[in-house]
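Below is the file target16.cif, which contains mmCIF, C-alpha atoms.
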```cif
data_run
loop_
_atom_site.group_PDB
_atom_site.id
_atom_site.type_symbol
_atom_site.label_atom_id
_atom_site.label_comp_id
_atom_site.auth_asym_id
_atom_site.auth_seq_id
_atom_site.Cartn_x
_atom_site.Cartn_y
_atom_site.Cartn_z
ATOM 1 C CA MET Z 1 0.000 0.000 0.000
ATOM 2 C CA VAL Z 2 3.009 2.252 -0.325
ATOM 3 C CA MET Z 3 3.078 2.866 -4.072
ATOM 4 C CA ASP Z 4 0.105 4.953 -5.287
ATOM 5 C CA PHE Z 5 -2.024 3.388 -2.544
ATOM 6 C CA ARG Z 6 -2.000 0.048 -4.370
ATOM 7 C CA LEU Z 7 -0.952 -3.323 -3.040
ATOM 8 C CA PRO Z 8 2.469 -4.428 -4.274
ATOM 9 C CA ILE Z 9 2.646 -7.314 -6.709
ATOM 10 C CA PHE Z 10 4.757 -10.251 -5.579
ATOM 11 C CA HIS Z 11 6.047 -13.202 -7.543
ATOM 12 C CA GLY Z 12 4.125 -16.426 -6.914
ATOM 13 C CA MET Z 13 7.254 -18.203 -5.694
ATOM 14 C CA ASP Z 14 7.777 -15.654 -2.906
ATOM 15 C CA ASN Z 15 4.441 -16.442 -1.281
ATOM 16 C CA PRO Z 16 2.789 -19.442 -2.975
ATOM 17 C CA ALA Z 17 -0.234 -19.302 -0.658
ATOM 18 C CA ALA Z 18 -1.048 -15.733 -1.677
ATOM 19 C CA ALA Z 19 -0.674 -16.694 -5.344
ATOM 20 C CA SER Z 20 -2.941 -19.727 -5.024
ATOM 21 C CA ASN Z 21 -6.140 -19.651 -7.069
ATOM 22 C CA ARG Z 22 -8.123 -21.598 -4.477
ATOM 23 C CA LEU Z 23 -9.507 -19.577 -1.576
ATOM 24 C CA SER Z 24 -9.605 -22.672 0.662
ATOM 25 C CA THR Z 25 -5.884 -23.283 0.078
ATOM 26 C CA LYS Z 26 -5.107 -19.676 0.971
ATOM 27 C CA LEU Z 27 -7.215 -19.765 4.133
ATOM 28 C CA MET Z 28 -5.885 -23.097 5.376
ATOM 29 C CA THR Z 29 -2.240 -22.205 4.654
ATOM 30 C CA PHE Z 30 -2.532 -18.698 6.149
ATOM 31 C CA SER Z 31 -4.228 -20.223 9.215
ATOM 32 C CA ALA Z 32 -1.208 -22.447 9.765
ATOM 33 C CA LEU Z 33 1.328 -19.607 9.641
ATOM 34 C CA PRO Z 34 0.624 -18.198 13.148
ATOM 35 C CA TRP Z 35 1.349 -21.501 14.882
ATOM 36 C CA MET Z 36 4.402 -22.064 12.686
ATOM 37 C CA ASN Z 37 5.742 -18.651 13.686
ATOM 38 C CA THR Z 38 4.920 -19.381 17.334
ATOM 39 C CA TRP Z 39 6.816 -22.661 17.013
ATOM 40 C CA LEU Z 40 9.817 -20.739 15.635
ATOM 41 C CA LEU Z 41 9.690 -18.528 18.731
ATOM 42 C CA MET Z 42 9.366 -21.448 21.129
ATOM 43 C CA ALA Z 43 11.799 -23.856 19.480
ATOM 44 C CA PRO Z 44 13.949 -22.252 16.774
ATOM 45 C CA VAL Z 45 15.497 -25.528 15.678
ATOM 46 C CA PHE Z 46 15.072 -25.186 11.913
ATOM 47 C CA LEU Z 47 15.767 -21.621 10.847
ATOM 48 C CA CYS Z 48 15.892 -20.567 7.233
ATOM 49 C CA TYR Z 49 16.654 -17.217 5.620
ATOM 50 C CA ASP Z 50 14.331 -17.949 2.698
ATOM 51 C CA TRP Z 51 10.956 -19.582 3.394
ATOM 52 C CA SER Z 52 9.699 -18.989 -0.150
ATOM 53 C CA TYR Z 53 9.023 -21.426 -2.999
ATOM 54 C CA GLN Z 54 7.588 -24.615 -1.528
ATOM 55 C CA THR Z 55 9.547 -24.647 1.731
ATOM 56 C CA ILE Z 56 6.185 -24.821 3.457
ATOM 57 C CA PRO Z 57 3.897 -26.893 1.227
ATOM 58 C CA LEU Z 58 0.438 -25.474 0.615
ATOM 59 C CA ILE Z 59 -2.431 -26.981 2.588
ATOM 60 C CA LYS Z 60 -4.862 -28.144 -0.088
ATOM 61 C CA HIS Z 61 -7.067 -30.609 1.779
ATOM 62 C CA LEU Z 62 -9.137 -30.299 4.923
ATOM 63 C CA SER Z 63 -7.738 -33.626 6.150
ATOM 64 C CA ASP Z 64 -4.147 -32.270 6.225
ATOM 65 C CA TRP Z 65 -2.718 -32.793 9.737
ATOM 66 C CA ARG Z 66 -1.607 -29.147 9.924
ATOM 67 C CA ASN Z 67 -5.258 -28.064 9.973
ATOM 68 C CA PHE Z 68 -5.739 -29.903 13.275
ATOM 69 C CA ILE Z 69 -2.766 -28.078 14.750
ATOM 70 C CA SER Z 70 -4.200 -24.782 13.453
ATOM 71 C CA LEU Z 71 -7.552 -25.542 15.067
ATOM 72 C CA GLY Z 72 -5.898 -26.419 18.386
ATOM 73 C CA PHE Z 73 -3.717 -23.314 18.214
ATOM 74 C CA PHE Z 74 -6.669 -21.006 17.659
ATOM 75 C CA ILE Z 75 -8.695 -22.683 20.432
ATOM 76 C CA LEU Z 76 -5.793 -22.108 22.839
ATOM 77 C CA LEU Z 77 -5.355 -18.545 21.593
ATOM 78 C CA VAL Z 78 -9.037 -17.702 22.088
ATOM 79 C CA ALA Z 79 -8.967 -19.294 25.562
ATOM 80 C CA PHE Z 80 -5.843 -17.301 26.466
ATOM 81 C CA LEU Z 81 -7.395 -14.047 25.244
ATOM 82 C CA PHE Z 82 -10.655 -14.847 27.057
ATOM 83 C CA ILE Z 83 -8.754 -15.351 30.321
ATOM 84 C CA GLN Z 84 -7.059 -11.991 29.792
ATOM 85 C CA LEU Z 85 -10.389 -10.284 29.165
ATOM 86 C CA CYS Z 86 -11.776 -11.791 32.369
ATOM 87 C CA LEU Z 87 -8.769 -10.528 34.342
ATOM 88 C CA ILE Z 88 -8.569 -7.075 32.757
ATOM 89 C CA HIS Z 89 -10.327 -5.389 35.696
ATOM 90 C CA GLU Z 90 -7.736 -6.629 38.184
ATOM 91 C CA LYS Z 91 -5.020 -4.111 38.962
ATOM 92 C CA SER Z 92 -2.236 -6.608 39.647
ATOM 93 C CA SER Z 93 1.158 -6.227 38.022
ATOM 94 C CA ASP Z 94 0.955 -9.821 36.742
ATOM 95 C CA VAL Z 95 -2.165 -9.077 34.718
ATOM 96 C CA ARG Z 96 -0.563 -5.930 33.312
ATOM 97 C CA ALA Z 97 2.580 -7.865 32.415
ATOM 98 C CA MET Z 98 0.527 -10.593 30.720
ATOM 99 C CA PHE Z 99 -1.424 -7.979 28.771
ATOM 100 C CA LEU Z 100 1.783 -6.157 27.754
ATOM 101 C CA GLY Z 101 3.432 -9.423 26.702
ATOM 102 C CA THR Z 102 0.414 -10.381 24.608
ATOM 103 C CA LEU Z 103 0.303 -6.974 22.923
ATOM 104 C CA LEU Z 104 4.036 -7.133 22.160
ATOM 105 C CA LEU Z 105 3.585 -10.645 20.784
ATOM 106 C CA VAL Z 106 0.499 -10.096 18.624
ATOM 107 C CA ILE Z 107 0.457 -6.471 17.395
ATOM 108 C CA PRO Z 108 3.907 -6.411 15.681
ATOM 109 C CA TYR Z 109 3.134 -9.766 14.014
ATOM 110 C CA LEU Z 110 -0.174 -8.695 12.425
ATOM 111 C CA PRO Z 111 1.226 -6.684 9.462
ATOM 112 C CA SER Z 112 3.267 -9.685 8.308
ATOM 113 C CA SER Z 113 0.535 -12.270 8.873
ATOM 114 C CA ASN Z 114 -1.136 -12.091 5.431
ATOM 115 C CA ILE Z 115 -4.421 -11.361 7.215
ATOM 116 C CA PHE Z 116 -4.933 -7.761 6.060
ATOM 117 C CA PHE Z 117 -2.954 -7.837 2.820
ATOM 118 C CA PRO Z 118 -0.572 -10.235 1.066
ATOM 119 C CA VAL Z 119 3.107 -9.945 1.877
ATOM 120 C CA GLY Z 120 6.088 -11.081 -0.156
ATOM 121 C CA PHE Z 121 7.004 -14.027 2.058
ATOM 122 C CA VAL Z 122 5.475 -17.029 3.747
ATOM 123 C CA ILE Z 123 7.476 -16.895 6.958
ATOM 124 C CA ALA Z 124 10.249 -14.432 7.708
ATOM 125 C CA GLU Z 125 12.222 -14.759 10.911
ATOM 126 C CA ARG Z 126 12.963 -11.047 10.838
ATOM 127 C CA THR Z 127 9.295 -10.354 11.570
ATOM 128 C CA LEU Z 128 9.619 -12.160 14.899
ATOM 129 C CA PHE Z 129 12.088 -9.752 16.531
ATOM 130 C CA LEU Z 130 9.460 -7.586 18.240
ATOM 131 C CA PRO Z 131 7.088 -10.478 18.976
ATOM 132 C CA SER Z 132 10.004 -12.217 20.697
ATOM 133 C CA ALA Z 133 9.970 -9.415 23.289
ATOM 134 C CA GLY Z 134 6.348 -10.220 24.100
ATOM 135 C CA PHE Z 135 7.169 -13.921 24.142
ATOM 136 C CA SER Z 136 9.995 -13.242 26.614
ATOM 137 C CA VAL Z 137 7.653 -11.280 28.890
ATOM 138 C CA LEU Z 138 5.103 -14.126 28.844
ATOM 139 C CA ILE Z 139 7.753 -16.812 29.459
ATOM 140 C CA SER Z 140 9.171 -14.784 32.369
ATOM 141 C CA LEU Z 141 5.716 -14.365 33.867
ATOM 142 C CA PHE Z 142 4.959 -18.063 33.410
ATOM 143 C CA TYR Z 143 8.262 -19.000 35.055
ATOM 144 C CA CYS Z 144 7.590 -16.720 38.039
ATOM 145 C CA LYS Z 145 4.073 -18.107 38.515
ATOM 146 C CA VAL Z 146 5.158 -21.729 38.278
ATOM 147 C CA LYS Z 147 8.065 -21.154 40.650
ATOM 148 C CA GLU Z 148 5.804 -19.325 43.099
ATOM 149 C CA HIS Z 149 3.362 -22.261 43.300
ATOM 150 C CA SER Z 150 5.831 -25.121 42.924
ATOM 151 C CA LYS Z 151 7.277 -27.194 45.729
ATOM 152 C CA LYS Z 152 10.263 -28.174 43.590
ATOM 153 C CA ARG Z 153 11.722 -24.745 42.844
ATOM 154 C CA VAL Z 154 15.071 -26.249 41.879
ATOM 155 C CA TRP Z 155 13.361 -28.030 38.971
ATOM 156 C CA CYS Z 156 11.897 -24.731 37.766
ATOM 157 C CA ASP Z 157 15.349 -23.175 37.773
ATOM 158 C CA ALA Z 158 16.837 -26.197 36.023
ATOM 159 C CA VAL Z 159 14.208 -26.143 33.254
ATOM 160 C CA LEU Z 160 14.690 -22.406 32.741
ATOM 161 C CA ILE Z 161 18.484 -22.775 32.591
ATOM 162 C CA LEU Z 162 18.120 -25.651 30.126
ATOM 163 C CA TYR Z 163 15.722 -23.618 27.960
ATOM 164 C CA LEU Z 164 17.974 -20.545 27.997
ATOM 165 C CA SER Z 165 20.987 -22.746 27.224
ATOM 166 C CA PHE Z 166 19.121 -24.078 24.188
ATOM 167 C CA TYR Z 167 18.514 -20.507 22.987
ATOM 168 C CA ALA Z 168 22.141 -19.516 23.599
ATOM 169 C CA THR Z 169 23.414 -22.564 21.713
ATOM 170 C CA ARG Z 170 21.003 -21.949 18.852
ATOM 171 C CA THR Z 171 22.132 -18.304 18.683
ATOM 172 C CA LEU Z 172 25.796 -19.335 18.462
ATOM 173 C CA ILE Z 173 25.002 -21.839 15.700
ATOM 174 C CA ARG Z 174 22.929 -19.263 13.824
ATOM 175 C CA ASN Z 175 25.731 -16.700 14.149
ATOM 176 C CA SER Z 176 28.105 -19.151 12.490
ATOM 177 C CA ASP Z 177 25.552 -19.577 9.685
ATOM 178 C CA TRP Z 178 25.919 -15.866 8.979
ATOM 179 C CA SER Z 179 29.745 -15.893 9.210
ATOM 180 C CA SER Z 180 30.299 -16.520 5.492
ATOM 181 C CA LYS Z 181 28.366 -16.708 2.265
ATOM 182 C CA TYR Z 182 29.040 -20.450 2.040
ATOM 183 C CA ASN Z 183 27.684 -21.142 5.539
ATOM 184 C CA PHE Z 184 24.721 -18.892 4.820
ATOM 185 C CA HIS Z 185 23.668 -20.880 1.751
ATOM 186 C CA ARG Z 186 24.511 -24.200 3.415
ATOM 187 C CA SER Z 187 22.021 -23.391 6.169
ATOM 188 C CA LEU Z 188 19.345 -22.884 3.486
ATOM 189 C CA ASN Z 189 20.104 -26.296 2.001
ATOM 190 C CA ILE Z 190 19.763 -27.940 5.414
ATOM 191 C CA CYS Z 191 16.405 -26.218 5.911
ATOM 192 C CA HIS Z 192 15.087 -27.356 2.523
ATOM 193 C CA VAL Z 193 16.329 -30.930 2.969
ATOM 194 C CA ILE Z 194 14.561 -31.261 6.327
ATOM 195 C CA LYS Z 195 11.101 -30.275 5.031
#
```

Show the structure stored in the file as structure tokens.
Amino acid sequence: MVMDFRLPIFHGMDNPAAASNRLSTKLMTFSALPWMNTWLLMAPVFLCYDWSYQTIPLIKHLSDWRNFISLGFFILLVAFLFIQLCLIHEKSSDVRAMFLGTLLLVIPYLPSSNIFFPVGFVIAERTLFLPSAGFSVLISLFYCKVKEHSKKRVWCDAVLILYLSFYATRTLIRNSDWSSKYNFHRSLNICHVIK
């Protein structure tokens, strides 16, 4: 919507779901993207600098297993938002932190979600930088609540340290992917082989 107030035109290989002729394929594939992005935030095991072409195959049939994950994701999301709406009148700092974390997670993601207008990519890790701040707030709040009500506080600390160690290790590996052009393209090949 930048150029003469018209939507940009993208190549079909950049975002195959947006280029699909079938509305059902678009809807089912676009419905899967939020949980795939959430999975990248929670467990960034397979990162890829280019999620275009057919890196994520289109969802063409209602019986595709990814539709069940999408349904479960949206049920959990609606339940989470409903809980927040029920707690909105409380003045506790935990409720405010949960609300802030949710806003930081959802609002920056919306422009790149293909919901309002098509974008030139299927998934782009760069669009998760700001949502990762909201994710961090929610994980911190969850950790504090679990630790507060747990009898085995050492286990809470151990799980958090393990989780943070995973992120630190993944960051070091990803940094080495960006260290040279060869490593950069090799990481793309690994991503495409795994799909």

Atom CA of Gly120 of chain Z to atom CA of Asn15 of chain Z: how many Å, to one decimal?
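Those two atoms sit 5.7 Å apart.
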
Measure the distance from atom CA of Phe129 of chain Z to atom CA of Arg96 of chain Z in Å and round it to one decimal.
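So the answer is 21.4 Å.
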
Starting from the shown file, work through the PyMOL selection byres ((chain Z and resi 144) around 12) and note down what comes out as a VMD selection string.
chain Z and resid 94 97 to 98 137 to 143 145 to 150 153 156 to 157 160

Give as number ranges by chain every residue, naming chains and numbers as the document does, that has an atom within 12 Å of (8.4, -22.8, 20.5), counting only C-alpha atoms.
Z: 34-46, 132, 135-136, 139, 163, 166-167

Selection dump of the PyMOL selection byres ((chain Z and resi 80-85) around 12), as a list in words:
Phe73, Phe74, Ile75, Leu76, Leu77, Val78, Ala79, Cys86, Leu87, Ile88, His89, Glu90, Asp94, Val95, Arg96, Ala97, Met98, Phe99, Leu100, Gly101, Thr102, Leu103, Val106 and Leu138 of chain Z

Identify which of the residues Z:Ile115, Z:Leu162, Z:Cys48, Z:Leu71 lies closest to Arg174 of chain Z, counting all atoms listed in the file when measuring atom-to-atom distances.
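Closest candidate: Z:Cys48.
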
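When atom CA of Ser113 of chain Z is paired with atom CA of His61 of chain Z, their separation reads 21.1 Å.
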
For Phe184 of chain Z, which residue out of Z:Leu164, Z:Ile107, Z:Ala17, Z:Leu47 is the nearest one, using all atoms listed in the file?
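Selected residue with least distance to Phe184 of chain Z: Z:Leu47.
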
Closest of Z:Ile56, Z:Thr29, Z:Asn183, Z:Ser24 to Ala124 of chain Z - atom-to-atom distances counting only C-alpha atoms:
Z:Ile56

Chain and number of each residue from the PyMOL selection byres ((chain Z and resi 18) around 10), as a PDB file with C-alpha atoms, in the coordinates of the input:
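File produced: expr.pdb:
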```pdb
ATOM      1  CA  PHE Z  10       4.757 -10.251  -5.579  1.00  0.00           C
ATOM      2  CA  HIS Z  11       6.047 -13.202  -7.543  1.00  0.00           C
ATOM      3  CA  GLY Z  12       4.125 -16.426  -6.914  1.00  0.00           C
ATOM      4  CA  MET Z  13       7.254 -18.203  -5.694  1.00  0.00           C
ATOM      5  CA  ASP Z  14       7.777 -15.654  -2.906  1.00  0.00           C
ATOM      6  CA  ASN Z  15       4.441 -16.442  -1.281  1.00  0.00           C
ATOM      7  CA  PRO Z  16       2.789 -19.442  -2.975  1.00  0.00           C
ATOM      8  CA  ALA Z  17      -0.234 -19.302  -0.658  1.00  0.00           C
ATOM      9  CA  ALA Z  19      -0.674 -16.694  -5.344  1.00  0.00           C
ATOM     10  CA  SER Z  20      -2.941 -19.727  -5.024  1.00  0.00           C
ATOM     11  CA  ASN Z  21      -6.140 -19.651  -7.069  1.00  0.00           C
ATOM     12  CA  ARG Z  22      -8.123 -21.598  -4.477  1.00  0.00           C
ATOM     13  CA  LEU Z  23      -9.507 -19.577  -1.576  1.00  0.00           C
ATOM     14  CA  THR Z  25      -5.884 -23.283   0.078  1.00  0.00           C
ATOM     15  CA  LYS Z  26      -5.107 -19.676   0.971  1.00  0.00           C
ATOM     16  CA  LEU Z  27      -7.215 -19.765   4.133  1.00  0.00           C
ATOM     17  CA  THR Z  29      -2.240 -22.205   4.654  1.00  0.00           C
ATOM     18  CA  PHE Z  30      -2.532 -18.698   6.149  1.00  0.00           C
ATOM     19  CA  ASN Z 114      -1.136 -12.091   5.431  1.00  0.00           C
ATOM     20  CA  PHE Z 117      -2.954  -7.837   2.820  1.00  0.00           C
ATOM     21  CA  PRO Z 118      -0.572 -10.235   1.066  1.00  0.00           C
ATOM     22  CA  VAL Z 119       3.107  -9.945   1.877  1.00  0.00           C
ATOM     23  CA  GLY Z 120       6.088 -11.081  -0.156  1.00  0.00           C
ATOM     24  CA  PHE Z 121       7.004 -14.027   2.058  1.00  0.00           C
ATOM     25  CA  VAL Z 122       5.475 -17.029   3.747  1.00  0.00           C
TER      26      VAL Z 122
END
```
